[in-house]
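Undergrad: Dropping a structure here in structure tokens format, bear with me for questions.
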Amino acid sequence: MKNKGCLSAGTIGIALLIILAVLFFWGKNGYNSFVTKEQNVNTKWSNVETVYQKRANLIPNLERTVKSYSKFEQETLTKVIEARSKATSINVDPSNMTEQDIARFQSAQGELTGALSRLMAVVEQYPNLKADQQYINFQREYTAIENSIRTETVYYNEAAQVYNTSIKTFPNNILANFTNFKEKPYFKAEAGAQKAPDVFSE
């Protein structure tokens, strides 16, 4: 009976060690997977910010070009410059961002998009400005950047979906809650955002 008791205790000990080993490797692999996926989300968000910054960087050249046409409506240009200032002042920490953070970021960028669209509609009334090589260069770069913005926001959302699914599915959600991995918000498309920019006439 003694031997049976010892054997039984030894078996239980081995079983516990196996369970602990399984839990350890599951936890380690799960944690590392969360880290990798979260870093991918952060990288994709950084790419989103980069293309928006490229767009903002175009505006000083646009301002100089437009200002050379003295009769151009100054108020329209001023609104673009103010919207640019607001858009570039909003910083989002991808490691701890919320839906409200992205909403603020998108709202500011949307204001800049609207101001630029209004300015470019006004330019249509100025044939000489419209034909200016600097303005033509701006058109080309702006269109390319707008396309990049759409692409990078899609990539970000895809990475966020993979990460969010990973931390919300059972049993990963237990580990995610224990290790404080939180869901990432999505970049919400604006109405008509799936279309290429159609702001220039030939």
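Simple scheme: letters A, B, ... for chains in structure tokens order, numbers from 1 for residues in each chain, numbers from 1 for ligands in the order shown.
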So that I can see what lies close to Phe181 (chain A), please list as JSON, numbers by chain the residues with an atom at most 10 Å from it, counting only C-alpha atoms and leaving out residues fewer than 3 positions away in the same chain.
TA: {"A": [31, 34, 35, 38, 95, 96, 163, 164, 167, 168, 173, 175, 176, 177, 178, 184]}
Undergrad: Save the residues we just selected, N, CA and C atoms, as a PDB file, in the first residue's frame?
TA:
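The result, stored in selection14.pdb:
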```pdb
ATOM      1  N   TYR A  31       1.836  34.816 -25.764  1.00  0.00           N
ATOM      2  CA  TYR A  31       2.312  36.173 -25.462  1.00  0.00           C
ATOM      3  C   TYR A  31       3.172  36.703 -26.601  1.00  0.00           C
ATOM      4  N   PHE A  34       1.059  37.649 -29.540  1.00  0.00           N
ATOM      5  CA  PHE A  34       0.375  38.932 -29.332  1.00  0.00           C
ATOM      6  C   PHE A  34       1.327  40.098 -29.589  1.00  0.00           C
ATOM      7  N   VAL A  35       2.547  39.975 -29.062  1.00  0.00           N
ATOM      8  CA  VAL A  35       3.542  41.047 -29.231  1.00  0.00           C
ATOM      9  C   VAL A  35       3.837  41.270 -30.702  1.00  0.00           C
ATOM     10  N   GLU A  38       0.810  42.861 -32.399  1.00  0.00           N
ATOM     11  CA  GLU A  38       0.634  44.250 -31.969  1.00  0.00           C
ATOM     12  C   GLU A  38       1.684  45.147 -32.617  1.00  0.00           C
ATOM     13  N   SER A  95       0.301  52.347 -29.384  1.00  0.00           N
ATOM     14  CA  SER A  95       0.350  51.301 -28.360  1.00  0.00           C
ATOM     15  C   SER A  95      -0.805  51.424 -27.364  1.00  0.00           C
ATOM     16  N   ASN A  96      -1.489  52.582 -27.376  1.00  0.00           N
ATOM     17  CA  ASN A  96      -2.550  52.781 -26.391  1.00  0.00           C
ATOM     18  C   ASN A  96      -3.694  53.617 -26.965  1.00  0.00           C
ATOM     19  N   TYR A 163      -4.893  40.992 -35.204  1.00  0.00           N
ATOM     20  CA  TYR A 163      -4.511  41.136 -33.788  1.00  0.00           C
ATOM     21  C   TYR A 163      -5.736  40.998 -32.882  1.00  0.00           C
ATOM     22  N   ASN A 164      -6.815  41.722 -33.211  1.00  0.00           N
ATOM     23  CA  ASN A 164      -8.020  41.692 -32.374  1.00  0.00           C
ATOM     24  C   ASN A 164      -8.621  40.289 -32.303  1.00  0.00           C
ATOM     25  N   ILE A 167      -6.519  38.101 -29.899  1.00  0.00           N
ATOM     26  CA  ILE A 167      -6.647  38.316 -28.452  1.00  0.00           C
ATOM     27  C   ILE A 167      -8.065  38.079 -27.927  1.00  0.00           C
ATOM     28  N   LYS A 168      -9.043  37.958 -28.835  1.00  0.00           N
ATOM     29  CA  LYS A 168     -10.429  37.808 -28.388  1.00  0.00           C
ATOM     30  C   LYS A 168     -10.939  36.373 -28.459  1.00  0.00           C
ATOM     31  N   ASN A 173      -8.083  34.824 -25.139  1.00  0.00           N
ATOM     32  CA  ASN A 173      -8.630  35.995 -24.443  1.00  0.00           C
ATOM     33  C   ASN A 173      -8.281  35.990 -22.954  1.00  0.00           C
ATOM     34  N   LEU A 175      -5.446  34.796 -21.625  1.00  0.00           N
ATOM     35  CA  LEU A 175      -4.058  35.262 -21.554  1.00  0.00           C
ATOM     36  C   LEU A 175      -3.967  36.749 -21.873  1.00  0.00           C
ATOM     37  N   ALA A 176      -4.724  37.207 -22.871  1.00  0.00           N
ATOM     38  CA  ALA A 176      -4.686  38.621 -23.268  1.00  0.00           C
ATOM     39  C   ALA A 176      -5.157  39.520 -22.123  1.00  0.00           C
ATOM     40  N   ASN A 177      -6.216  39.118 -21.447  1.00  0.00           N
ATOM     41  CA  ASN A 177      -6.723  39.894 -20.307  1.00  0.00           C
ATOM     42  C   ASN A 177      -5.710  39.920 -19.165  1.00  0.00           C
ATOM     43  N   PHE A 178      -5.104  38.772 -18.931  1.00  0.00           N
ATOM     44  CA  PHE A 178      -4.128  38.651 -17.845  1.00  0.00           C
ATOM     45  C   PHE A 178      -2.878  39.489 -18.120  1.00  0.00           C
ATOM     46  N   LYS A 184      -7.490  46.889 -30.614  1.00  0.00           N
ATOM     47  CA  LYS A 184      -7.121  48.084 -31.375  1.00  0.00           C
ATOM     48  C   LYS A 184      -8.336  48.594 -32.147  1.00  0.00           C
TER      49      LYS A 184
END
```
Undergrad: Could you pull the residues within 12 Å of region 130-132 of chain A, counting only C-alpha atoms, minus those fewer than 3 positions along the same chain, as an mmCIF file with N, CA, C and O atoms, in the first residue's frame?
TA:
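Final output, part36.cif:
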```cif
data_model
loop_
_atom_site.group_PDB
_atom_site.id
_atom_site.type_symbol
_atom_site.label_atom_id
_atom_site.label_comp_id
_atom_site.auth_asym_id
_atom_site.auth_seq_id
_atom_site.Cartn_x
_atom_site.Cartn_y
_atom_site.Cartn_z
ATOM 1 N N LEU A 62 2.279 74.266 -52.286
ATOM 2 C CA LEU A 62 1.013 74.719 -52.863
ATOM 3 C C LEU A 62 0.741 76.165 -52.471
ATOM 4 O O LEU A 62 0.321 76.980 -53.302
ATOM 5 N N ARG A 64 2.921 78.526 -51.719
ATOM 6 C CA ARG A 64 3.798 79.435 -52.469
ATOM 7 C C ARG A 64 3.314 79.615 -53.907
ATOM 8 O O ARG A 64 3.330 80.722 -54.447
ATOM 9 N N THR A 65 2.865 78.521 -54.504
ATOM 10 C CA THR A 65 2.392 78.583 -55.896
ATOM 11 C C THR A 65 1.146 79.443 -56.004
ATOM 12 O O THR A 65 1.053 80.325 -56.865
ATOM 13 N N VAL A 66 0.187 79.197 -55.126
ATOM 14 C CA VAL A 66 -1.081 79.925 -55.169
ATOM 15 C C VAL A 66 -0.885 81.404 -54.838
ATOM 16 O O VAL A 66 -1.498 82.278 -55.447
ATOM 17 N N SER A 68 1.442 83.292 -55.554
ATOM 18 C CA SER A 68 2.027 84.047 -56.671
ATOM 19 C C SER A 68 0.943 84.618 -57.587
ATOM 20 O O SER A 68 1.220 85.485 -58.413
ATOM 21 N N TYR A 69 -0.281 84.140 -57.428
ATOM 22 C CA TYR A 69 -1.406 84.667 -58.210
ATOM 23 C C TYR A 69 -2.190 85.604 -57.304
ATOM 24 O O TYR A 69 -3.017 85.182 -56.501
ATOM 25 N N PHE A 72 -5.948 85.491 -56.391
ATOM 26 C CA PHE A 72 -6.544 84.267 -55.860
ATOM 27 C C PHE A 72 -7.203 84.549 -54.514
ATOM 28 O O PHE A 72 -6.715 85.370 -53.733
ATOM 29 N N LEU A 119 -10.303 74.381 -52.258
ATOM 30 C CA LEU A 119 -9.268 75.190 -52.903
ATOM 31 C C LEU A 119 -9.083 74.769 -54.358
ATOM 32 O O LEU A 119 -9.000 75.607 -55.253
ATOM 33 N N MET A 120 -9.052 73.468 -54.591
ATOM 34 C CA MET A 120 -8.819 72.996 -55.951
ATOM 35 C C MET A 120 -10.005 73.271 -56.864
ATOM 36 O O MET A 120 -9.842 73.461 -58.064
ATOM 37 N N ALA A 121 -11.212 73.345 -56.284
ATOM 38 C CA ALA A 121 -12.385 73.728 -57.076
ATOM 39 C C ALA A 121 -12.270 75.189 -57.499
ATOM 40 O O ALA A 121 -12.609 75.557 -58.636
ATOM 41 N N VAL A 122 -11.764 76.030 -56.595
ATOM 42 C CA VAL A 122 -11.578 77.451 -56.905
ATOM 43 C C VAL A 122 -10.503 77.633 -57.977
ATOM 44 O O VAL A 122 -10.624 78.489 -58.861
ATOM 45 N N VAL A 123 -9.455 76.825 -57.914
ATOM 46 C CA VAL A 123 -8.356 76.923 -58.896
ATOM 47 C C VAL A 123 -8.877 76.762 -60.317
ATOM 48 O O VAL A 123 -8.327 77.343 -61.260
ATOM 49 N N GLU A 124 -9.956 75.989 -60.476
ATOM 50 C CA GLU A 124 -10.532 75.780 -61.810
ATOM 51 C C GLU A 124 -10.910 77.105 -62.469
ATOM 52 O O GLU A 124 -10.989 77.184 -63.696
ATOM 53 N N GLN A 125 -11.133 78.125 -61.666
ATOM 54 C CA GLN A 125 -11.519 79.437 -62.211
ATOM 55 C C GLN A 125 -10.303 80.272 -62.618
ATOM 56 O O GLN A 125 -10.448 81.387 -63.111
ATOM 57 N N TYR A 126 -9.106 79.743 -62.403
ATOM 58 C CA TYR A 126 -7.870 80.465 -62.714
ATOM 59 C C TYR A 126 -7.034 79.649 -63.711
ATOM 60 O O TYR A 126 -6.164 78.877 -63.319
ATOM 61 N N PRO A 127 -7.307 79.809 -64.999
ATOM 62 C CA PRO A 127 -6.625 78.994 -66.021
ATOM 63 C C PRO A 127 -5.100 79.063 -65.941
ATOM 64 O O PRO A 127 -4.424 78.047 -66.120
ATOM 65 N N TYR A 135 1.819 73.766 -59.899
ATOM 66 C CA TYR A 135 0.500 73.274 -59.499
ATOM 67 C C TYR A 135 0.226 71.908 -60.123
ATOM 68 O O TYR A 135 -0.335 71.020 -59.470
ATOM 69 N N ILE A 136 0.650 71.725 -61.335
ATOM 70 C CA ILE A 136 0.493 70.415 -61.997
ATOM 71 C C ILE A 136 1.262 69.344 -61.221
ATOM 72 O O ILE A 136 0.770 68.220 -61.016
ATOM 73 N N ASN A 137 2.465 69.695 -60.767
ATOM 74 C CA ASN A 137 3.257 68.750 -59.956
ATOM 75 C C ASN A 137 2.527 68.407 -58.663
ATOM 76 O O ASN A 137 2.522 67.252 -58.216
ATOM 77 N N PHE A 138 1.929 69.439 -58.058
ATOM 78 C CA PHE A 138 1.158 69.212 -56.835
ATOM 79 C C PHE A 138 0.011 68.242 -57.100
ATOM 80 O O PHE A 138 -0.221 67.315 -56.323
ATOM 81 N N GLN A 139 -0.721 68.464 -58.199
ATOM 82 C CA GLN A 139 -1.835 67.573 -58.555
ATOM 83 C C GLN A 139 -1.391 66.120 -58.614
ATOM 84 O O GLN A 139 -2.033 65.224 -58.058
ATOM 85 N N PHE A 200 -9.552 66.888 -60.022
ATOM 86 C CA PHE A 200 -8.905 67.642 -61.083
ATOM 87 C C PHE A 200 -9.582 67.368 -62.413
ATOM 88 O O PHE A 200 -9.971 66.243 -62.694
ATOM 89 N N SER A 201 -9.694 68.369 -63.207
ATOM 90 C CA SER A 201 -10.199 68.157 -64.561
ATOM 91 C C SER A 201 -9.029 68.169 -65.525
ATOM 92 O O SER A 201 -7.991 68.752 -65.230
ATOM 93 N N GLU A 202 -9.208 67.550 -66.619
ATOM 94 C CA GLU A 202 -8.114 67.478 -67.596
ATOM 95 C C GLU A 202 -7.953 68.834 -68.258
ATOM 96 O O GLU A 202 -8.905 69.532 -68.495
#
```
Undergrad: When you look at Leu112 (chain A) with a cut-off of 9 Å (counting only C-alpha atoms), what residues show up, excluding the ones that are within fewer than 6 positions of it in the same chain? I need them as JSON, numbers by chain.
TA: {"A": [56, 79, 80, 81, 82, 83, 84, 86, 87]}
Undergrad: Limited to all heavy atoms, could you put the picked residues into a file as a short mmCIF file (atom, residue, chain, number, x, y, z; two decimals), in the first residue's frame?
TA:
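Once everything was written out, this is selection38.cif:
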```
data_model
loop_
_atom_site.label_atom_id
_atom_site.label_comp_id
_atom_site.auth_asym_id
_atom_site.auth_seq_id
_atom_site.Cartn_x
_atom_site.Cartn_y
_atom_site.Cartn_z
N ALA A 56 0.54 66.57 -45.91
CA ALA A 56 0.70 67.87 -45.23
C ALA A 56 1.94 68.60 -45.75
O ALA A 56 1.95 69.83 -45.87
CB ALA A 56 0.80 67.66 -43.73
N LYS A 79 -7.85 78.76 -45.11
CA LYS A 79 -8.55 77.62 -44.50
C LYS A 79 -7.75 76.33 -44.67
O LYS A 79 -7.74 75.49 -43.77
CB LYS A 79 -9.94 77.48 -45.10
CG LYS A 79 -10.90 78.55 -44.59
CD LYS A 79 -12.28 78.42 -45.16
CE LYS A 79 -13.20 79.51 -44.58
NZ LYS A 79 -14.54 79.51 -45.18
N VAL A 80 -7.07 76.20 -45.79
CA VAL A 80 -6.21 75.02 -46.01
C VAL A 80 -5.06 75.03 -45.01
O VAL A 80 -4.74 74.00 -44.39
CB VAL A 80 -5.66 74.98 -47.46
CG1 VAL A 80 -4.59 73.91 -47.60
CG2 VAL A 80 -6.79 74.73 -48.44
N ILE A 81 -4.43 76.19 -44.85
CA ILE A 81 -3.28 76.30 -43.95
C ILE A 81 -3.70 76.03 -42.50
O ILE A 81 -3.01 75.33 -41.76
CB ILE A 81 -2.64 77.71 -44.08
CG1 ILE A 81 -2.06 77.89 -45.49
CG2 ILE A 81 -1.55 77.91 -43.03
CD1 ILE A 81 -1.75 79.32 -45.86
N GLU A 82 -4.86 76.55 -42.11
CA GLU A 82 -5.37 76.31 -40.75
C GLU A 82 -5.70 74.83 -40.53
O GLU A 82 -5.40 74.26 -39.48
CB GLU A 82 -6.61 77.17 -40.49
CG GLU A 82 -6.29 78.65 -40.34
CD GLU A 82 -7.53 79.52 -40.28
OE1 GLU A 82 -8.65 78.99 -40.51
OE2 GLU A 82 -7.40 80.73 -40.01
N ALA A 83 -6.31 74.21 -41.54
CA ALA A 83 -6.67 72.78 -41.44
C ALA A 83 -5.41 71.92 -41.37
O ALA A 83 -5.37 70.92 -40.64
CB ALA A 83 -7.54 72.37 -42.63
N ARG A 84 -4.39 72.31 -42.11
CA ARG A 84 -3.12 71.58 -42.07
C ARG A 84 -2.51 71.65 -40.67
O ARG A 84 -2.03 70.65 -40.12
CB ARG A 84 -2.13 72.15 -43.08
CG ARG A 84 -0.75 71.49 -43.01
CD ARG A 84 0.25 72.24 -43.89
NE ARG A 84 1.54 71.55 -43.91
CZ ARG A 84 2.55 71.78 -43.07
NH1 ARG A 84 2.41 72.68 -42.10
NH2 ARG A 84 3.68 71.11 -43.17
N LYS A 86 -4.02 72.09 -37.83
CA LYS A 86 -4.80 71.27 -36.89
C LYS A 86 -4.49 69.79 -37.10
O LYS A 86 -4.30 69.04 -36.14
CB LYS A 86 -6.28 71.54 -37.10
CG LYS A 86 -7.18 70.77 -36.14
CD LYS A 86 -8.64 71.12 -36.33
CE LYS A 86 -9.52 70.31 -35.39
NZ LYS A 86 -10.96 70.62 -35.60
N ALA A 87 -4.43 69.37 -38.37
CA ALA A 87 -4.22 67.95 -38.68
C ALA A 87 -2.86 67.47 -38.20
O ALA A 87 -2.72 66.36 -37.68
CB ALA A 87 -4.37 67.71 -40.18
#
```
Undergrad: Figure out the distance between CA of Leu16 (chain A) and CA of Ile174 (chain A), please, to one decimal in Å.
TA: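 So the answer is 20.4 Å.
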Undergrad: What residues in chain A get the DSSP label alpha helix (DSSP H)? Please answer as an NGL selection string.
TA: :A and (2-67 or 74-89 or 99-123 or 127-130 or 133-168 or 172-178)
Undergrad: I'd like to know which of A:Glu73, A:Asp93, A:Glu141, A:Glu146 is closest to Asn61 (chain A), using only C-alpha atoms.
TA: A:Glu141
Undergrad: For Thr76 (chain A), which of A:Ala115, A:Ala144, A:Leu23, A:Ala160 is the closest residue, counting only C-alpha atoms?
TA: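 Nearest to Thr76 (chain A): A:Ala115.
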Undergrad: Hey, what's within 10 Å of Asn47 (chain A) if we count only C-alpha atoms and toss same-chain stuff fewer than 5 positions away? As a PyMOL selection string, please?
TA: chain A and resi 41-42+52-53+148-149+151-153+155-156
Undergrad: Rounded to one decimal in Å, what is the spacing between CA of Asn172 (chain A) and CA of Asn32 (chain A)?
TA: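 Taking CA of Asn172 (chain A) and CA of Asn32 (chain A), their separation equals 11.8 Å.
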